[in-house]
Structure formats: structure tokens, C-alpha cells
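Reading through the C-alpha cells given below for one structure.
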Amino acid sequence: MSAPLPPCPGPTFFSNPAVLAAQPQLREGSCFIAPLADKYQPKRRIGVLAMADTDAGRYCAEKGTDFLEHFCEVLAGDLLHVKIHEELTRQRESDELTGIPNRAYLRRHGPPLLHLAERRGSPVAMLFCDLDRFKAVNDTFGHETGDAVLRDVARAMAGRVRTYDLLARLGGDEFVVLMPDAGDAEGAVMAERIRHCVAEVAGDRNLSGVPGLSVSVGLALFTPGQDIDDLVRAADAAMYVDKRNDIPSP
């Protein structure tokens, strides 16, 4: 049994004041508070378990706490494993350079959005975005500048898309935006937003002249029965049409 601790300074130490207001009898009861330790770094606390009872004798120094202490060890271990798993998943599905979701994230979270749209009969649009003359930017200014441009573009695009859109970097200078509940009109508006934000990045980094930086955008609408890769390929094909139309005639 652990050594007795000093009295709790007050019930608000472990409980939300709103809960106490709703259950004033807790003020006359007892509580159990225990830190949750990181089993790999015992001195590091990852949380606290707090329990309260209206019975003043429910938790007291005279009662053994072995079971509760063991429970806290198990709980802390489980919470730590969940946290580690979530962090590994985040790293696996997040683009290392830009911080936005990557292709793995799109392949995991895109299909459920398509399935939901198919059940509801709602539209879905996808934009495939490819930066124009990005290789020339790399060759002229170096890869460090190229990486900074990609980060700027990703940040600008993330600020333009809707909160429920899925923005992902496929790799290199290719990005996609999956837009639930969006058809031709909404997709066209978003494509213009993306062109505008890339133009802003180009202007901010003095890339509007030579070699220049812009973006080609392809729009595809989801057809029932398509999988996420089919939709990406359709948007990619539309992007190449846009890119060819942007090439000046000789």
C-alpha cells in the first residue's frame, strides 16, 4: 500500500466545476487520483486517473489500493500503445516534406468517401494538379528552393480547399483534391482558386517571369463503380489536356 498523500486541495483539482455543480454531493465524498506513467520512461507522466464517489469511505488511506495501482499501470501501457500507433500511422500517411496527407492517406480515406457518395447518389469531383516548369525552378535555383516552393504551394492549397475536402501530395510536384458533394461547377471554382494560389506563390518567390511557375489542373467527376485509382487516372488525363492547352503555339 502506498504512503498516504496529503489531502486534496479541493474537488475542482480532479473534476470539472460543471460536474460538481450538477452533483454537489461529490464535495462530501472521497476520491482516488493516480498519475499514469510512461512504462518506458517511468519519470514521465502521460496522464492522470481520477475517480470520485459520494461515499466518503469509498476511497481512503485505510483501504488497499493494489488493484487500482495495477489497473493504472495497465491503462497507462494501453494508452501509450494507442498513442504510438497513432503517431506511426500519422507518419506513414503524412507527406514528410509538406506535412499534408500523402498517397497512402488518399488510398485509405478516399474509398470510404466514394462509397458514401455512391450510396447517397451525391457527386464527387477530383482535381489533379501538376506544377508547370517546376523542374526548371529546381534546375535554376536548386532543390532547396524547389522544396520550399512545394511547401508554400501545399500550404496555400490547404488554405483554399474546403474543410471536408481531401488534399494530398502524390509525389514530386503532383497534388490531388478529392471534393465530396461537388460537381463540375464547384470543381471549376476550386481549380481557379488553386491556379490563383500557385500564382501567388510564384509572385512571392519571384518566379512569375523566367523560368516561371504555374499549375495545370484536370477535373474528373466520380462515376459509380470507379475506385480511387480510376478516378485519379481520369483526373490525370484531364490534367494533361489542360497542360497541352497551356503550351503556346510555335
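In the C-alpha cells, the first chain shown is A, the next is B, and so on; residue numbers restart at 1 for each chain, and ligands run from 1 in the order shown.
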
Please report, as a tab-separated table, each residue of range 55-162 of chain A lying at most 7 Å from range 25-41 of chain A, together with the nearest pair of atoms and the separation in Å rounded to one decimal; use only C-alpha atoms, and order rows by chain and ascending residue number.
```
residue	atom	partner	partner_atom	distance
A:Asp55	CA	A:Gly29	CA	4.8
A:Ala56	CA	A:Gly29	CA	4.0
A:Gly57	CA	A:Ser30	CA	6.7
A:Arg58	CA	A:Ser30	CA	6.3
A:Tyr59	CA	A:Ser30	CA	5.5
A:Cys72	CA	A:Leu36	CA	6.2
A:Glu73	CA	A:Leu36	CA	6.9
A:Ala76	CA	A:Leu36	CA	5.3
A:Gly77	CA	A:Lys39	CA	6.6
```

Exercise: Asp132 in chain A partners within 10 Å, only C-alpha atoms, chain neighbours under 6 positions left out, as a PyMOL selection string: chain A and resi 173+211-216+243+246

Spatial neighbours of Leu75 in chain A, 10 Å, only C-alpha atoms, chain gap at least 5 places, as a VMD selection string: chain A and resid 36 to 37 49 69 to 70 80 to 81

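CA of Leu20 in chain A sits 26.6 Å away from CA of Phe67 in chain A.
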
Quick one: residues within 10 Å of Arg162 in chain A, only C-alpha atoms, excluding same-chain residues fewer than 5 positions away - as a ChimeraX atom specification? /A:157,167,177,179-180,190

Proximity of range 142-212 of chain A to range 115-128 of chain A: per-residue shortest pair, 12 Å limit, only C-alpha atoms, as a tab-separated table:
```
residue	atom	partner	partner_atom	distance
A:Met157	CA	A:Leu127	CA	11.8
A:Val161	CA	A:Leu127	CA	11.0
A:Tyr164	CA	A:Val124	CA	11.9
A:Asp165	CA	A:Met126	CA	9.7
A:Leu166	CA	A:Met126	CA	9.4
A:Leu167	CA	A:Leu127	CA	9.4
A:Ala168	CA	A:Phe128	CA	10.0
A:Arg169	CA	A:Phe128	CA	10.0
A:Leu170	CA	A:Phe128	CA	9.6
A:Gly171	CA	A:Phe128	CA	12.0
A:Asp173	CA	A:Phe128	CA	10.7
A:Glu174	CA	A:Phe128	CA	7.3
A:Phe175	CA	A:Phe128	CA	6.1
A:Val176	CA	A:Phe128	CA	4.6
A:Val177	CA	A:Leu127	CA	5.1
A:Leu178	CA	A:Met126	CA	4.6
A:Met179	CA	A:Ala125	CA	5.0
A:Pro180	CA	A:Val124	CA	4.6
A:Asp181	CA	A:Pro123	CA	5.0
A:Ala182	CA	A:Val124	CA	5.1
A:Gly183	CA	A:Ala125	CA	5.7
A:Asp184	CA	A:Ala125	CA	7.3
A:Ala185	CA	A:Ala125	CA	9.7
A:Glu186	CA	A:Ala125	CA	8.2
A:Gly187	CA	A:Ala125	CA	6.1
A:Ala188	CA	A:Leu127	CA	9.0
A:Val189	CA	A:Leu127	CA	10.9
A:Met190	CA	A:Leu127	CA	8.4
A:Ala191	CA	A:Leu127	CA	7.1
A:Glu192	CA	A:Leu127	CA	10.9
A:Arg193	CA	A:Leu127	CA	11.6
A:Ile194	CA	A:Leu127	CA	9.7
A:Arg195	CA	A:Leu127	CA	11.6
```

Would you mind writing down, as a list of chain:residue names, each residue of range 186-236 of chain A that DSSP on the backbone assigns to helix (DSSP H, G or I)? A:Glu186, A:Gly187, A:Ala188, A:Val189, A:Met190, A:Ala191, A:Glu192, A:Arg193, A:Ile194, A:Arg195, A:His196, A:Cys197, A:Val198, A:Ala199, A:Glu200, A:Val201, A:Ala202, A:Gly203, A:Asp204, A:Ile228, A:Asp229, A:Asp230, A:Leu231, A:Val232, A:Arg233, A:Ala234, A:Ala235, A:Asp236

Output C-alpha atoms for every residue in that selection, as a compact mmCIF listing (two decimals), in the first residue's frame.
```txt
# COMPACT_ATOMS: atom_id res chain seq x y z
CA GLU A 186 -17.67 23.51 -57.74
CA GLY A 187 -14.66 21.75 -59.25
CA ALA A 188 -14.11 24.55 -61.74
CA VAL A 189 -14.25 27.17 -58.97
CA MET A 190 -11.71 25.21 -56.91
CA ALA A 191 -9.43 24.79 -59.94
CA GLU A 192 -9.33 28.59 -60.34
CA ARG A 193 -8.58 29.01 -56.65
CA ILE A 194 -5.64 26.64 -56.98
CA ARG A 195 -4.33 28.44 -60.09
CA HIS A 196 -4.58 31.71 -58.20
CA CYS A 197 -2.77 30.43 -55.10
CA VAL A 198 0.08 28.96 -57.20
CA ALA A 199 0.37 32.30 -58.99
CA GLU A 200 0.64 33.98 -55.57
CA VAL A 201 3.45 31.62 -54.54
CA ALA A 202 5.23 32.29 -57.84
CA GLY A 203 4.91 36.04 -57.26
CA ASP A 204 6.09 35.86 -53.66
CA ILE A 228 -9.97 5.76 -56.19
CA ASP A 229 -7.19 4.84 -58.63
CA ASP A 230 -9.61 5.02 -61.59
CA LEU A 231 -10.68 8.49 -60.51
CA VAL A 232 -7.07 9.64 -60.11
CA ARG A 233 -6.24 8.37 -63.63
CA ALA A 234 -9.25 10.17 -65.10
CA ALA A 235 -8.26 13.45 -63.44
CA ASP A 236 -4.64 12.92 -64.51
```

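Separating CA of Val137 in chain A from CA of Leu219 in chain A is a distance of 25.4 Å.
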
Taking the chain letters and numbering used in this document, name the residues of range 112-225 of chain A that DSSP puts in strand (DSSP E), as a PyMOL selection string. chain A and resi 124-132+166-171+174-180+214-221

I need the residues from that last selection saved to file as a short mmCIF file (atom, residue, chain, number, x, y, z; two decimals), in the first residue's frame (with N, CA, C and O atoms), if you can.
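Saved file result13.cif follows:
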```cif
data_model
loop_
_atom_site.label_atom_id
_atom_site.label_comp_id
_atom_site.auth_asym_id
_atom_site.auth_seq_id
_atom_site.Cartn_x
_atom_site.Cartn_y
_atom_site.Cartn_z
N VAL A 124 -19.05 13.63 -56.65
CA VAL A 124 -17.69 13.79 -56.13
C VAL A 124 -16.82 14.26 -57.28
O VAL A 124 -16.88 13.71 -58.38
N ALA A 125 -16.02 15.29 -57.04
CA ALA A 125 -15.09 15.78 -58.05
C ALA A 125 -13.66 15.55 -57.57
O ALA A 125 -13.38 15.56 -56.36
N MET A 126 -12.78 15.32 -58.52
CA MET A 126 -11.36 15.22 -58.18
C MET A 126 -10.58 16.15 -59.09
O MET A 126 -10.80 16.19 -60.31
N LEU A 127 -9.64 16.88 -58.49
CA LEU A 127 -8.73 17.74 -59.23
C LEU A 127 -7.33 17.13 -59.17
O LEU A 127 -6.86 16.76 -58.09
N PHE A 128 -6.70 17.01 -60.31
CA PHE A 128 -5.30 16.57 -60.38
C PHE A 128 -4.48 17.79 -60.75
O PHE A 128 -4.69 18.40 -61.81
N CYS A 129 -3.53 18.16 -59.90
CA CYS A 129 -2.77 19.40 -60.07
C CYS A 129 -1.28 19.08 -60.27
O CYS A 129 -0.69 18.37 -59.45
N ASP A 130 -0.73 19.59 -61.34
CA ASP A 130 0.67 19.35 -61.66
C ASP A 130 1.34 20.69 -61.92
O ASP A 130 0.90 21.47 -62.78
N LEU A 131 2.41 20.99 -61.18
CA LEU A 131 3.08 22.27 -61.33
C LEU A 131 3.82 22.33 -62.67
O LEU A 131 4.54 21.40 -63.03
N ASP A 132 3.63 23.43 -63.39
CA ASP A 132 4.30 23.62 -64.68
C ASP A 132 5.66 24.28 -64.48
O ASP A 132 5.79 25.22 -63.70
N LEU A 166 -10.34 16.50 -49.39
CA LEU A 166 -9.14 15.72 -49.07
C LEU A 166 -8.04 16.16 -50.04
O LEU A 166 -8.08 15.88 -51.22
N LEU A 167 -7.06 16.87 -49.50
CA LEU A 167 -5.89 17.32 -50.26
C LEU A 167 -4.73 16.38 -49.98
O LEU A 167 -4.45 16.07 -48.81
N ALA A 168 -4.06 15.91 -51.02
CA ALA A 168 -2.93 15.00 -50.82
C ALA A 168 -1.85 15.29 -51.86
O ALA A 168 -2.14 15.70 -52.99
N ARG A 169 -0.61 15.05 -51.46
CA ARG A 169 0.50 15.12 -52.41
C ARG A 169 0.81 13.69 -52.86
O ARG A 169 1.11 12.82 -52.04
N LEU A 170 0.73 13.47 -54.17
CA LEU A 170 1.00 12.13 -54.69
C LEU A 170 2.49 11.86 -54.77
O LEU A 170 2.94 10.71 -54.75
N GLY A 171 3.28 12.91 -54.90
CA GLY A 171 4.72 12.77 -55.05
C GLY A 171 5.21 13.82 -56.03
O GLY A 171 4.44 14.32 -56.87
N GLU A 174 3.06 16.77 -57.91
CA GLU A 174 1.68 16.39 -58.20
C GLU A 174 0.84 16.35 -56.93
O GLU A 174 1.23 15.75 -55.93
N PHE A 175 -0.32 16.99 -57.00
CA PHE A 175 -1.27 17.05 -55.89
C PHE A 175 -2.66 16.68 -56.39
O PHE A 175 -2.96 16.86 -57.57
N VAL A 176 -3.49 16.17 -55.51
CA VAL A 176 -4.89 15.93 -55.85
C VAL A 176 -5.78 16.52 -54.77
O VAL A 176 -5.37 16.64 -53.60
N VAL A 177 -6.99 16.89 -55.19
CA VAL A 177 -8.01 17.34 -54.24
C VAL A 177 -9.27 16.52 -54.51
O VAL A 177 -9.83 16.57 -55.61
N LEU A 178 -9.69 15.74 -53.51
CA LEU A 178 -10.93 14.97 -53.61
C LEU A 178 -12.03 15.77 -52.95
O LEU A 178 -11.92 16.12 -51.77
N MET A 179 -13.09 16.08 -53.73
CA MET A 179 -14.13 17.01 -53.27
C MET A 179 -15.49 16.32 -53.17
O MET A 179 -16.20 16.19 -54.18
N PRO A 180 -15.90 15.87 -51.99
CA PRO A 180 -17.25 15.30 -51.83
C PRO A 180 -18.31 16.37 -52.06
O PRO A 180 -18.08 17.57 -51.84
N SER A 214 3.55 27.80 -62.79
CA SER A 214 2.09 27.81 -62.83
C SER A 214 1.63 26.39 -62.57
O SER A 214 2.42 25.53 -62.16
N VAL A 215 0.34 26.12 -62.76
CA VAL A 215 -0.18 24.79 -62.47
C VAL A 215 -1.20 24.40 -63.53
O VAL A 215 -1.98 25.24 -64.00
N SER A 216 -1.14 23.15 -63.94
CA SER A 216 -2.18 22.58 -64.80
C SER A 216 -3.10 21.76 -63.92
O SER A 216 -2.64 21.02 -63.04
N VAL A 217 -4.41 21.91 -64.15
CA VAL A 217 -5.40 21.25 -63.30
C VAL A 217 -6.36 20.45 -64.17
O VAL A 217 -6.91 20.97 -65.14
N GLY A 218 -6.54 19.18 -63.82
CA GLY A 218 -7.51 18.34 -64.50
C GLY A 218 -8.67 18.02 -63.60
O GLY A 218 -8.47 17.74 -62.40
N LEU A 219 -9.88 18.08 -64.11
CA LEU A 219 -11.09 17.82 -63.33
C LEU A 219 -11.76 16.55 -63.84
O LEU A 219 -11.98 16.39 -65.04
N ALA A 220 -12.08 15.65 -62.92
CA ALA A 220 -12.83 14.44 -63.26
C ALA A 220 -13.95 14.27 -62.25
O ALA A 220 -13.78 14.57 -61.06
N LEU A 221 -15.09 13.77 -62.69
CA LEU A 221 -16.23 13.51 -61.82
C LEU A 221 -16.34 12.01 -61.58
O LEU A 221 -16.14 11.20 -62.49
#
```

So which one's closest to Val153 in chain A, A:Leu113, A:Arg133, A:Arg107, A:Thr98? Using only C-alpha atoms, please. A:Thr98
